[in-house]
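I have placed the structure first, in the form of structure tokens, so that the comments after it can refer back to it.
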Amino acid sequence: MAAALAAVLLLPVLAACGTDAASGQVASGPAAPAPSDDVTASLGKNAALAELLPEDVRRRGSLRIASSVGAPPSAYLPNASSRRPVGLDIDIADAAGKLLGLRLEREEAGFETILPALGSGKYDLGTGNFGVTDERRKTIDFVTYINDGQGFAVAKDDRSLDKVTSLGQLCGKTVGVSAGTTFEATLNARKSVCADAGEKPYTVKVYSENGSLLTSLQQGRIDVVMSTINGLRHQAAQPAAGVRFLGEFHRLDVGFAFKKGSPLLKAFQAAVNELISDGTYDRILDKWGTGDSAIEESQISPPEKN
């Protein structure tokens, strides 16, 4: 990334869809200051909700949470000197923790490392705009809190694509994705769509460093980026990013990730539903400009919607 560009594009956008995951982040600029209003400040412990926690967790009063820190509006570092992430994921997790009377001991972790670490017991839960897919549900459980999903973007001046409604529209193009995401999985699983139509196949280019993804788009090394709806929409709203959002492709529920069968599931589901009921949930989504990702009710590992 060129020095001038790096100064503009410090932050990577959401990592949310994976190989059997549901996250994938693109690079995003620190275009606007993080919202400073603390919409969870008034929250305190709800004794009835806390009773849903296992006794040992109530006694300990803390949980280990792994957070994938990418970019607005999910989770990101608001400036180069900050080590405290902000974002939608952060606010919702902190709000649920307050209701449950828990201190969340947060550790930043790579998106692709969080789900395996849940199974090993290293963390109690994880956030990273993890979309709920049928493949993931085989080994991981989720408590949903928003509905996001997959979308596409191109360079601002590129008029070769409009809204992408079929992967066949990508034939002959190079599509950039983040490693270990549902975007990568979706594209690789359906590559035959171009051959079936007698077209040149699209090429999937995978990036392990999110900042390189947007830079490659801007410099013409890739034609299209596939990433999260909320992340790309936010990115396209920042003039310095030079990105045009092509719209939604596939919606996915997004949730806190837990090891399969975790005893924490019902407590966190109840906490999210309480946030929805008392209005805190809407205030958090309004703060981050993601009101159209609202859900009516939290669910535990719902089937993926086609």
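By order in the structure tokens, chains are A, B, ...; within a chain, residues start at 1; ligands start at 1, following the order shown.
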inquiry  = Quick check for you: according to DSSP on this backbone, which residues of range 117-206 of chain A are classed as alpha helix (DSSP H)? Reply as a ChimeraX atom specification.
reply    = /A:117-120,182-189,192-196
task = Once DSSP has gone over the backbone, tell me which residues of range 104-169 of chain A are in strand (DSSP E), as a list of chain:residue names.
result =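 Checking each residue of range 104-169 of chain A, the strand (DSSP E) ones are A:Leu104, A:Glu105, A:Arg106, A:Glu107, A:Glu108, A:Leu125, A:Gly126, A:Thr127, A:Ile140, A:Asp141, A:Phe142, A:Val143, A:Thr144, A:Tyr145, A:Ile146, A:Asn147, A:Asp148, A:Gly149, A:Gln150, A:Gly151, A:Phe152, A:Ala153, A:Val154, A:Ala155.
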Export of the given selection (C-alpha atoms) as an mmCIF file, in the first residue's frame:
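Now in again-v2.cif:
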```cif
data_model
loop_
_atom_site.group_PDB
_atom_site.id
_atom_site.type_symbol
_atom_site.label_atom_id
_atom_site.label_comp_id
_atom_site.auth_asym_id
_atom_site.auth_seq_id
_atom_site.Cartn_x
_atom_site.Cartn_y
_atom_site.Cartn_z
ATOM 1 C CA LEU A 104 -15.923 -9.276 29.315
ATOM 2 C CA GLU A 105 -12.186 -9.873 29.108
ATOM 3 C CA ARG A 106 -11.663 -8.975 25.475
ATOM 4 C CA GLU A 107 -8.758 -10.197 23.365
ATOM 5 C CA GLU A 108 -8.234 -9.141 19.770
ATOM 6 C CA LEU A 125 -17.433 -16.531 22.945
ATOM 7 C CA GLY A 126 -16.381 -14.608 19.878
ATOM 8 C CA THR A 127 -17.460 -11.653 17.768
ATOM 9 C CA ILE A 140 -20.447 -23.810 16.272
ATOM 10 C CA ASP A 141 -23.540 -22.361 17.937
ATOM 11 C CA PHE A 142 -24.683 -18.776 17.518
ATOM 12 C CA VAL A 143 -26.866 -16.240 19.275
ATOM 13 C CA THR A 144 -28.065 -13.823 16.605
ATOM 14 C CA TYR A 145 -28.079 -10.052 17.027
ATOM 15 C CA ILE A 146 -28.212 -8.518 13.525
ATOM 16 C CA ASN A 147 -28.897 -9.458 9.917
ATOM 17 C CA ASP A 148 -26.092 -8.508 7.526
ATOM 18 C CA GLY A 149 -24.704 -10.607 4.668
ATOM 19 C CA GLN A 150 -22.862 -10.518 1.363
ATOM 20 C CA GLY A 151 -22.479 -7.693 -1.113
ATOM 21 C CA PHE A 152 -20.195 -6.418 -3.878
ATOM 22 C CA ALA A 153 -18.337 -3.199 -4.604
ATOM 23 C CA VAL A 154 -16.244 -1.804 -7.448
ATOM 24 C CA ALA A 155 -14.014 1.212 -7.879
#
```
Residue neighbourhood Ile284 in chain A, 8 Å, only C-alpha atoms, exclusion window fewer than 4 positions, as a PyMOL selection string = chain A and resi 39+88+91-92+280+288
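Candidate residues A:Glu297, A:Glu51, A:Gly87, A:Leu217 were compared for distance to Asp38 in chain A, and the nearest is A:Gly87, using only C-alpha atoms.
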message = Need the shell around Asp124 in chain A: protein/DNA/RNA residues with any atom at most 12 Å away, counting only C-alpha atoms. Skip same-chain ones fewer than 6 positions apart. Format as an MDAnalysis selection string?
response = chainID A and resid 57 62:67 104:107 114:118 140:141 256:265 268
What does the file look like for those residues with N, CA and C atoms, as a compact mmCIF listing (two decimals), in the first residue's frame?
```txt
# COMPACT_ATOMS: atom_id res chain seq x y z
N VAL A 57 -19.93 -19.50 36.18
CA VAL A 57 -19.74 -18.23 35.47
C VAL A 57 -20.24 -17.08 36.33
N SER A 62 -16.94 -13.20 35.00
CA SER A 62 -16.24 -12.74 33.79
C SER A 62 -16.27 -13.84 32.72
N LEU A 63 -16.09 -13.42 31.48
CA LEU A 63 -15.97 -14.34 30.35
C LEU A 63 -14.84 -13.85 29.45
N ARG A 64 -14.23 -14.79 28.75
CA ARG A 64 -13.17 -14.46 27.79
C ARG A 64 -13.81 -14.34 26.41
N ILE A 65 -13.70 -13.15 25.83
CA ILE A 65 -14.29 -12.91 24.52
C ILE A 65 -13.20 -12.56 23.51
N ALA A 66 -13.24 -13.23 22.37
CA ALA A 66 -12.31 -12.93 21.27
C ALA A 66 -13.03 -12.05 20.27
N SER A 67 -12.42 -10.93 19.92
CA SER A 67 -13.03 -10.00 18.98
C SER A 67 -12.14 -9.82 17.76
N LEU A 104 -16.42 -8.61 30.51
CA LEU A 104 -15.92 -9.28 29.31
C LEU A 104 -14.43 -8.98 29.16
N GLU A 105 -13.64 -10.02 29.28
CA GLU A 105 -12.19 -9.87 29.11
C GLU A 105 -11.88 -10.06 27.64
N ARG A 106 -11.75 -8.95 26.93
CA ARG A 106 -11.66 -8.98 25.48
C ARG A 106 -10.22 -9.13 25.00
N GLU A 107 -10.06 -10.02 24.02
CA GLU A 107 -8.76 -10.20 23.37
C GLU A 107 -8.96 -10.08 21.86
N ILE A 114 -10.73 -17.50 15.43
CA ILE A 114 -11.65 -17.45 16.57
C ILE A 114 -12.50 -18.71 16.69
N LEU A 115 -13.11 -19.15 15.62
CA LEU A 115 -14.01 -20.31 15.72
C LEU A 115 -13.29 -21.57 16.19
N PRO A 116 -12.11 -21.91 15.65
CA PRO A 116 -11.40 -23.09 16.18
C PRO A 116 -11.04 -22.94 17.66
N ALA A 117 -10.74 -21.71 18.08
CA ALA A 117 -10.34 -21.48 19.47
C ALA A 117 -11.51 -21.65 20.43
N LEU A 118 -12.73 -21.46 19.95
CA LEU A 118 -13.90 -21.68 20.81
C LEU A 118 -14.01 -23.15 21.18
N ILE A 140 -20.39 -25.03 15.47
CA ILE A 140 -20.45 -23.81 16.27
C ILE A 140 -21.91 -23.45 16.51
N ASP A 141 -22.21 -22.90 17.68
CA ASP A 141 -23.54 -22.36 17.94
C ASP A 141 -23.49 -20.84 17.96
N PHE A 256 -23.22 -13.81 18.01
CA PHE A 256 -22.12 -14.23 18.89
C PHE A 256 -21.84 -15.70 18.61
N ALA A 257 -20.58 -16.07 18.58
CA ALA A 257 -20.20 -17.46 18.33
C ALA A 257 -19.79 -18.14 19.63
N PHE A 258 -20.25 -19.38 19.80
CA PHE A 258 -19.95 -20.18 20.99
C PHE A 258 -19.58 -21.60 20.55
N LYS A 259 -18.89 -22.32 21.41
CA LYS A 259 -18.67 -23.73 21.12
C LYS A 259 -20.03 -24.44 21.09
N LYS A 260 -20.09 -25.53 20.34
CA LYS A 260 -21.34 -26.26 20.19
C LYS A 260 -21.88 -26.69 21.56
N GLY A 261 -23.15 -26.39 21.79
CA GLY A 261 -23.78 -26.79 23.03
C GLY A 261 -23.40 -25.98 24.26
N SER A 262 -22.86 -24.80 24.06
CA SER A 262 -22.42 -23.97 25.18
C SER A 262 -23.57 -23.69 26.16
N PRO A 263 -23.31 -23.75 27.46
CA PRO A 263 -24.34 -23.43 28.45
C PRO A 263 -24.64 -21.93 28.54
N LEU A 264 -23.94 -21.13 27.74
CA LEU A 264 -24.13 -19.67 27.77
C LEU A 264 -25.19 -19.20 26.78
N LEU A 265 -25.64 -20.08 25.91
CA LEU A 265 -26.49 -19.67 24.80
C LEU A 265 -27.79 -18.99 25.25
N PHE A 268 -27.35 -15.44 26.79
CA PHE A 268 -27.04 -14.38 25.83
C PHE A 268 -28.23 -14.10 24.91
```
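Close contacts of Ala236 in chain A, defined as residues with an atom at most 6 Å away when counting only C-alpha atoms, with chain neighbours fewer than 5 positions off set aside, comprise Val243, Arg244 and Phe245 of chain A.
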message = So, with only C-alpha atoms as the atoms that count, which of A:Ala179, A:Ala270, A:Ile276, A:Val132 lies closest to Ala294 in chain A?
response = A:Ile276
